[in-house]
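This report refers to the structure that appears directly beneath it.
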Amino acid sequence: MIALQLASMRLRDFSRKATGQPLLICAPFSLHEALVADFAPGHSLVQALQQGGMDRIYVTDWCSATSEMRYLSIDSYLADLNVAVDDIGAPVDLIGLCQGGWLSLVYAARFPQKVRRLVLAGAPVDVSVPSDLSRMVASVPEAAFDELVHQGEGIISGKHTLRFWSMPLTPQDVEATLQRDVGDGSEQGAALLARFERWDRKLLDLPGTFYIEATNWIFRENRIAQGQFIALGHKIDLADVTVPVFLLAAEKDILVPLEQALATARLLGTPPQWLEQSSEPCGHLGLFMGRESLGRSWRRIIRWLQAGGDDVAEPRPRIRA
């Protein structure tokens with residue numbers, strides 16, 4: 001069901017109970033719809049969380065941009081994320097997937113009392129650790145991205161986003177992503193392949209302002225990692241993030257390489273005993289949709305989330321120079 005409709009998102013409610021610790025999945029806002037978090041039985045993060053005993057689950061389903069949304073900025077999305085958290089009831093456990101990861105991390109730094117635990121899965125933060133994606137952005141003049149926004153009258157179409165940020169997927173790529181044989185002749189395999197192809201073809205349009213900010217501030221200037229990111233009027237210091245954090249990376253990820261995804265750890269103020277890491281032998285999308293990944297690392301994450309806050313001591317206050 002849709003719990004809340006905002007300009008930027010539909011907040012989807014998968015809760016089975018009205019009480020308990022709320023968990024919010026911040027889906028990526030780049031190419032595809034939030035179905036990446038609830039793709040199909042056996043390939044659904046939402047389902048895995050429910051089977052693990054999580055009863056209050058919400059997902060940000062970001063809306064494709066219309067002309068009225070062309071000036072929405074990163075601050076606009078942070079503000080709407082804040083409205084969603086307040087509506088759910090803080091503090092939340094926050095899971096950020098891919099680009100939803102850097103947004104979740106910035107949110108946790110901006111509103112530290114509203115996040116209880118934070119999971120970052122395949123999340124690009126410190127792009128000084130190179131990737132194909134960051135190298136591509138660095139190789140394209142800023143004016144080229146500005147021209148795309150101008151041509152789209154303030155909107156970046158999904159096909160242009162796909163051109164710069166992704167590549168076509170073969171049936172073999174789909175099998176590697178879902179971590180199962182979809183060409184085995186079974187009805188289920190054929191249905192999964194068809195469903196994936198429909199999802200892959202349905203692209204989101206992005207507000208030009210948000211797109212330019214994300215491209216330049218995150219992937220070109222590395223502002224989050226360098227402590228130069230301004231979120232809703234406050235400069236973000238990742239050392240202020242002291243909540244328990246779990247970092248999940250994919251070993252074959254060309255968009256957010258393992259080294260980049262795990263490099264976030266050294267930027268946080270989270271005490272070592274509150275910091276967990278795991279990796280999966282898959283590519284980027286396999287972290288969220290892969291049958292084996294969901295049955296392995298995500299089970300560990302579920303146990304970690306359920307451990308609550310009683311298994312570790314309070315962190316000591318940070319002493320600033």
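Every chain in the structure tokens has a letter given in the order shown (A, B, ...), and although residue numbers restart at 1 in each chain, ligands are simply numbered from 1 in the order shown.
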Dump as a Markdown table the rows for residues of region 113-205 of chain A within 9 Å of region 218-231 of chain A: closest atom pair and distance in Å with one decimal, only C-alpha atoms counted, ordered by chain and rising residue number.
| residue | atom | partner | partner_atom | distance |
| --- | --- | --- | --- | --- |
| A:Pro124 | CA | A:Ile218 | CA | 8.4 |
| A:Val125 | CA | A:Ala225 | CA | 6.3 |
| A:Asp126 | CA | A:Ala225 | CA | 5.1 |
| A:Val127 | CA | A:Asn222 | CA | 6.0 |
| A:Ser128 | CA | A:Asn222 | CA | 7.1 |
| A:Leu133 | CA | A:Phe219 | CA | 8.0 |
| A:Ser134 | CA | A:Phe219 | CA | 5.6 |
| A:Arg135 | CA | A:Phe219 | CA | 8.9 |
| A:Val137 | CA | A:Arg220 | CA | 6.5 |
| A:Ala138 | CA | A:Arg220 | CA | 6.1 |
Go through region 105-189 of chain A and flag each residue having an atom no more than 12 Å from region 34-40 of chain A; for those, report the closest pair of atoms plus their distance in Å to one decimal, using only C-alpha atoms, ordered by chain and rising number, as a tab-separated table.
residue	atom	partner	partner_atom	distance
A:Ala121	CA	A:Ala37	CA	11.6
A:Thr177	CA	A:Val36	CA	11.1
A:Leu178	CA	A:Phe39	CA	9.7
A:Gln188	CA	A:Ala40	CA	10.6
A:Gly189	CA	A:Ala40	CA	11.5
Residue selection dump (N, CA and C atoms) as a short mmCIF file (atom, residue, chain, number, x, y, z; two decimals), in the first residue's frame:
data_model
loop_
_atom_site.label_atom_id
_atom_site.label_comp_id
_atom_site.auth_asym_id
_atom_site.auth_seq_id
_atom_site.Cartn_x
_atom_site.Cartn_y
_atom_site.Cartn_z
N ALA A 121 24.47 -0.44 1.00
CA ALA A 121 24.73 -1.56 0.10
C ALA A 121 25.10 -1.06 -1.28
N THR A 177 22.80 -11.65 -12.30
CA THR A 177 22.16 -10.75 -11.35
C THR A 177 21.21 -11.50 -10.43
N LEU A 178 20.35 -12.33 -11.02
CA LEU A 178 19.35 -13.06 -10.23
C LEU A 178 19.94 -14.29 -9.56
N GLN A 188 8.89 -20.46 -14.97
CA GLN A 188 9.37 -19.50 -13.99
C GLN A 188 10.58 -18.73 -14.52
N GLY A 189 11.52 -19.45 -15.14
CA GLY A 189 12.70 -18.79 -15.70
C GLY A 189 12.33 -17.79 -16.77
#
Can you list every residue in region 5-84 of chain A that DSSP puts in helix (DSSP H, G or I), as a PyMOL selection string? chain A and resi 34-37+45-51+67-69+74-84
Produce a table with one row for each residue of region 40-146 of chain A that has an atom at most 9 Å from any atom of region 19-30 of chain A, each row naming the nearest atom pair and its distance in Å at one decimal; use only C-alpha atoms; arrange rows by chain and rising residue number; format as a Markdown table.
| residue | atom | partner | partner_atom | distance |
| --- | --- | --- | --- | --- |
| A:Val46 | CA | A:Ile25 | CA | 8.7 |
| A:Met54 | CA | A:Leu23 | CA | 8.0 |
| A:Asp55 | CA | A:Gly20 | CA | 7.1 |
| A:Arg56 | CA | A:Pro22 | CA | 4.9 |
| A:Ile57 | CA | A:Leu23 | CA | 4.9 |
| A:Tyr58 | CA | A:Leu24 | CA | 4.7 |
| A:Val59 | CA | A:Ile25 | CA | 4.7 |
| A:Thr60 | CA | A:Cys26 | CA | 5.3 |
| A:Asp61 | CA | A:Ala27 | CA | 6.8 |
| A:Trp62 | CA | A:Phe29 | CA | 6.4 |
| A:Cys63 | CA | A:Phe29 | CA | 8.7 |
| A:Leu81 | CA | A:Cys26 | CA | 8.6 |
| A:Val85 | CA | A:Leu24 | CA | 7.9 |
| A:Ile88 | CA | A:Pro22 | CA | 7.1 |
| A:Gly89 | CA | A:Pro22 | CA | 7.5 |
| A:Ala90 | CA | A:Pro22 | CA | 8.0 |
| A:Pro91 | CA | A:Pro22 | CA | 7.8 |
| A:Val92 | CA | A:Pro22 | CA | 5.3 |
| A:Asp93 | CA | A:Leu23 | CA | 4.6 |
| A:Leu94 | CA | A:Leu24 | CA | 5.0 |
| A:Ile95 | CA | A:Ile25 | CA | 4.7 |
| A:Gly96 | CA | A:Cys26 | CA | 4.8 |
| A:Leu97 | CA | A:Ala27 | CA | 5.4 |
| A:Cys98 | CA | A:Pro28 | CA | 5.7 |
| A:Gln99 | CA | A:Pro28 | CA | 4.8 |
| A:Gly100 | CA | A:Pro28 | CA | 4.3 |
| A:Gly101 | CA | A:Cys26 | CA | 7.2 |
| A:Leu103 | CA | A:Cys26 | CA | 8.0 |
| A:Ser104 | CA | A:Cys26 | CA | 6.8 |
Hey, which of A:Ala307, A:Ala261, A:Val245, A:Ala3 ends up closest to His284 (chain A)? Count only C-alpha atoms.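 Result for the nearest residue to His284 (chain A): A:Ala261.
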I'd like to know which residues of region 114-285 of chain A are strand (DSSP E) (by DSSP, run on the backbone); could you write them as a short mmCIF file (atom, residue, chain, number, x, y, z; two decimals) with N, CA, C and O atoms, in the first residue's frame?
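That gives us states19.cif:
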data_model
loop_
_atom_site.label_atom_id
_atom_site.label_comp_id
_atom_site.auth_asym_id
_atom_site.auth_seq_id
_atom_site.Cartn_x
_atom_site.Cartn_y
_atom_site.Cartn_z
N VAL A 115 18.10 8.24 12.99
CA VAL A 115 18.52 6.96 12.42
C VAL A 115 19.12 6.11 13.54
O VAL A 115 20.05 6.56 14.22
N ARG A 116 18.59 4.90 13.69
CA ARG A 116 19.09 4.00 14.73
C ARG A 116 20.24 3.16 14.23
O ARG A 116 21.28 3.04 14.88
N ARG A 117 20.07 2.55 13.07
CA ARG A 117 21.11 1.76 12.42
C ARG A 117 21.07 2.04 10.93
O ARG A 117 20.02 2.34 10.36
N LEU A 118 22.25 1.92 10.29
CA LEU A 118 22.37 2.30 8.89
C LEU A 118 23.06 1.18 8.10
O LEU A 118 24.12 0.71 8.51
N VAL A 119 22.43 0.78 7.00
CA VAL A 119 23.01 -0.21 6.09
C VAL A 119 23.25 0.48 4.75
O VAL A 119 22.34 1.08 4.18
N LEU A 120 24.48 0.40 4.25
CA LEU A 120 24.82 0.97 2.95
C LEU A 120 25.25 -0.18 2.04
O LEU A 120 26.27 -0.83 2.29
N ALA A 121 24.47 -0.44 1.00
CA ALA A 121 24.73 -1.56 0.10
C ALA A 121 25.10 -1.06 -1.28
O ALA A 121 24.29 -0.39 -1.95
N ILE A 155 14.76 18.61 -17.72
CA ILE A 155 14.58 17.20 -17.34
C ILE A 155 15.63 16.36 -18.07
O ILE A 155 15.91 16.58 -19.24
N ILE A 156 16.19 15.39 -17.35
CA ILE A 156 17.09 14.41 -17.96
C ILE A 156 16.29 13.15 -18.22
O ILE A 156 15.79 12.51 -17.28
N LEU A 206 14.82 12.28 -14.62
CA LEU A 206 15.35 12.94 -13.43
C LEU A 206 15.26 14.46 -13.56
O LEU A 206 15.42 15.00 -14.65
N PRO A 207 15.02 15.15 -12.43
CA PRO A 207 15.09 16.62 -12.48
C PRO A 207 16.49 17.08 -12.86
O PRO A 207 17.48 16.55 -12.33
N ILE A 230 26.91 20.40 1.63
CA ILE A 230 25.94 21.16 2.41
C ILE A 230 24.57 20.51 2.23
O ILE A 230 24.06 20.41 1.11
N ALA A 231 23.98 20.06 3.32
CA ALA A 231 22.67 19.40 3.28
C ALA A 231 21.68 20.19 4.11
O ALA A 231 21.84 20.31 5.33
N HIS A 234 23.32 22.74 6.38
CA HIS A 234 24.38 22.33 7.29
C HIS A 234 25.49 21.60 6.54
O HIS A 234 25.20 20.72 5.73
N LYS A 235 26.74 21.95 6.84
CA LYS A 235 27.86 21.21 6.27
C LYS A 235 27.93 19.84 6.93
O LYS A 235 27.92 19.72 8.15
N VAL A 245 26.78 0.88 11.76
CA VAL A 245 26.73 0.90 10.30
C VAL A 245 27.18 -0.46 9.76
O VAL A 245 28.15 -1.03 10.25
N PHE A 246 26.46 -0.95 8.75
CA PHE A 246 26.82 -2.18 8.04
C PHE A 246 27.06 -1.83 6.59
O PHE A 246 26.19 -1.28 5.92
N LEU A 247 28.26 -2.14 6.08
CA LEU A 247 28.63 -1.88 4.68
C LEU A 247 28.61 -3.18 3.90
O LEU A 247 29.24 -4.16 4.31
N LEU A 248 27.89 -3.20 2.80
CA LEU A 248 27.80 -4.37 1.93
C LEU A 248 28.31 -4.01 0.55
O LEU A 248 27.90 -2.99 -0.02
N ALA A 249 29.21 -4.83 0.01
CA ALA A 249 29.83 -4.54 -1.28
C ALA A 249 29.77 -5.77 -2.18
O ALA A 249 29.65 -6.90 -1.71
N ALA A 250 29.87 -5.54 -3.49
CA ALA A 250 29.91 -6.61 -4.48
C ALA A 250 31.31 -6.71 -5.05
O ALA A 250 31.90 -5.70 -5.46
N LEU A 275 30.75 -1.33 13.74
CA LEU A 275 30.89 -1.32 12.28
C LEU A 275 31.05 -2.74 11.75
O LEU A 275 31.91 -3.49 12.21
N GLU A 276 30.19 -3.11 10.79
CA GLU A 276 30.24 -4.43 10.17
C GLU A 276 30.41 -4.28 8.66
O GLU A 276 29.96 -3.29 8.07
N GLN A 277 31.05 -5.28 8.05
CA GLN A 277 31.25 -5.28 6.60
C GLN A 277 31.04 -6.68 6.05
O GLN A 277 31.29 -7.67 6.74
N SER A 278 30.58 -6.74 4.81
CA SER A 278 30.43 -8.02 4.13
C SER A 278 30.51 -7.78 2.64
O SER A 278 30.28 -6.66 2.16
N SER A 279 30.87 -8.82 1.90
CA SER A 279 30.91 -8.71 0.44
C SER A 279 30.31 -9.97 -0.17
O SER A 279 30.25 -11.03 0.47
N GLU A 280 29.86 -9.82 -1.40
CA GLU A 280 29.26 -10.92 -2.15
C GLU A 280 29.98 -11.08 -3.48
O GLU A 280 30.36 -10.08 -4.11
#
If you measure from CA of Ile302 (chain A) to CA of Gly52 (chain A), what distance in Å do you get, rounded to one decimal?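 Calculated distance between CA of Ile302 (chain A) and CA of Gly52 (chain A) is 6.4 Å.
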Quick one: residues within 12 Å of Val241 (chain A), only C-alpha atoms counted, chain neighbours fewer than 4 positions away excluded, as a PyMOL selection string? chain A and resi 104-118+236-237+245+264-271+274-275+315+317-318
Distance of CA of Trp298 (chain A) from CA of Asp240 (chain A), expressed in Å to one decimal place: 26.0 Å
Test item: residues at most 12 Å from Tyr211 (chain A), only C-alpha atoms, excluding those fewer than 4 positions along its chain, as a PyMOL selection string: chain A and resi 29-31+65+69-74+77+99+142+145-146+148-149+154-158+160-161+164-165+204-207+215-219
Please produce a file of those selected residues containing N, CA and C atoms, as a tab-separated table (two decimals), in the first residue's frame.
chain	number	residue	atom	x	y	z
A	29	PHE	N	17.77	6.37	-6.88
A	29	PHE	CA	17.07	7.27	-7.79
A	29	PHE	C	18.03	7.63	-8.91
A	30	SER	N	18.07	6.76	-9.91
A	30	SER	CA	18.99	6.99	-11.03
A	30	SER	C	18.37	6.53	-12.34
A	31	LEU	N	18.12	5.23	-12.46
A	31	LEU	CA	17.63	4.69	-13.72
A	31	LEU	C	16.25	4.05	-13.62
A	65	ALA	N	10.46	12.19	-13.02
A	65	ALA	CA	10.32	13.65	-12.98
A	65	ALA	C	9.42	14.16	-14.10
A	69	MET	N	8.78	19.27	-11.83
A	69	MET	CA	9.78	18.84	-10.87
A	69	MET	C	11.20	19.18	-11.30
A	70	ARG	N	11.36	19.94	-12.38
A	70	ARG	CA	12.69	20.11	-12.98
A	70	ARG	C	13.69	20.82	-12.07
A	71	TYR	N	13.18	21.59	-11.10
A	71	TYR	CA	14.09	22.31	-10.21
A	71	TYR	C	14.30	21.61	-8.87
A	72	LEU	N	13.77	20.42	-8.71
A	72	LEU	CA	14.00	19.69	-7.46
A	72	LEU	C	15.49	19.37	-7.32
A	73	SER	N	16.01	19.61	-6.14
A	73	SER	CA	17.43	19.45	-5.86
A	73	SER	C	17.67	18.29	-4.91
A	74	ILE	N	18.93	18.02	-4.60
A	74	ILE	CA	19.23	17.00	-3.58
A	74	ILE	C	18.56	17.39	-2.27
A	77	TYR	N	15.01	16.20	-2.11
A	77	TYR	CA	14.85	14.78	-1.83
A	77	TYR	C	15.19	14.46	-0.38
A	99	GLN	N	22.66	4.49	-5.13
A	99	GLN	CA	22.59	5.93	-4.94
A	99	GLN	C	21.69	6.31	-3.78
A	142	GLU	N	31.74	19.30	-17.99
A	142	GLU	CA	30.52	19.70	-17.29
A	142	GLU	C	29.49	20.27	-18.27
A	145	PHE	N	26.87	17.79	-19.70
A	145	PHE	CA	25.72	17.48	-18.86
A	145	PHE	C	24.75	18.66	-18.81
A	146	ASP	N	25.29	19.87	-18.75
A	146	ASP	CA	24.42	21.05	-18.77
A	146	ASP	C	23.60	21.11	-20.06
A	148	LEU	N	22.61	18.55	-21.85
A	148	LEU	CA	21.54	17.55	-21.78
A	148	LEU	C	20.34	18.10	-21.03
A	149	VAL	N	20.60	18.81	-19.94
A	149	VAL	CA	19.50	19.40	-19.17
A	149	VAL	C	18.79	20.45	-20.02
A	154	GLY	N	15.06	21.11	-18.76
A	154	GLY	CA	15.14	20.96	-17.31
A	154	GLY	C	14.99	19.55	-16.81
A	155	ILE	N	14.76	18.61	-17.72
A	155	ILE	CA	14.58	17.20	-17.34
A	155	ILE	C	15.63	16.36	-18.07
A	156	ILE	N	16.19	15.39	-17.35
A	156	ILE	CA	17.09	14.41	-17.96
A	156	ILE	C	16.29	13.15	-18.22
A	157	SER	N	16.13	12.79	-19.49
A	157	SER	CA	15.35	11.60	-19.81
A	157	SER	C	16.10	10.33	-19.42
A	158	GLY	N	15.34	9.28	-19.16
A	158	GLY	CA	15.95	8.02	-18.77
A	158	GLY	C	16.91	7.47	-19.81
A	160	HIS	N	18.88	9.13	-21.76
A	160	HIS	CA	20.15	9.82	-21.65
A	160	HIS	C	20.91	9.36	-20.41
A	161	THR	N	20.18	9.12	-19.32
A	161	THR	CA	20.82	8.61	-18.11
A	161	THR	C	21.43	7.26	-18.39
A	164	PHE	N	24.82	7.38	-20.16
A	164	PHE	CA	26.00	7.77	-19.40
A	164	PHE	C	26.29	6.85	-18.21
A	165	TRP	N	25.24	6.22	-17.64
A	165	TRP	CA	25.42	5.58	-16.35
A	165	TRP	C	25.29	4.07	-16.37
A	204	LEU	N	13.43	5.96	-15.45
A	204	LEU	CA	12.97	7.17	-14.78
A	204	LEU	C	13.61	8.40	-15.39
A	205	ASP	N	12.83	9.46	-15.52
A	205	ASP	CA	13.37	10.77	-15.86
A	205	ASP	C	13.76	11.47	-14.56
A	206	LEU	N	14.82	12.28	-14.62
A	206	LEU	CA	15.35	12.94	-13.43
A	206	LEU	C	15.26	14.46	-13.56
A	207	PRO	N	15.02	15.15	-12.43
A	207	PRO	CA	15.09	16.62	-12.48
A	207	PRO	C	16.49	17.08	-12.86
A	215	THR	N	25.80	14.66	-10.19
A	215	THR	CA	26.94	14.40	-11.06
A	215	THR	C	28.18	15.17	-10.62
A	216	ASN	N	28.00	16.47	-10.35
A	216	ASN	CA	29.15	17.31	-10.01
A	216	ASN	C	29.58	17.15	-8.55
A	217	TRP	N	28.63	17.24	-7.64
A	217	TRP	CA	28.99	17.25	-6.22
A	217	TRP	C	29.44	15.87	-5.72
A	218	ILE	N	28.79	14.81	-6.19
A	218	ILE	CA	29.10	13.47	-5.69
A	218	ILE	C	30.23	12.84	-6.50
A	219	PHE	N	30.07	12.80	-7.82
A	219	PHE	CA	30.97	12.00	-8.66
A	219	PHE	C	32.12	12.79	-9.27
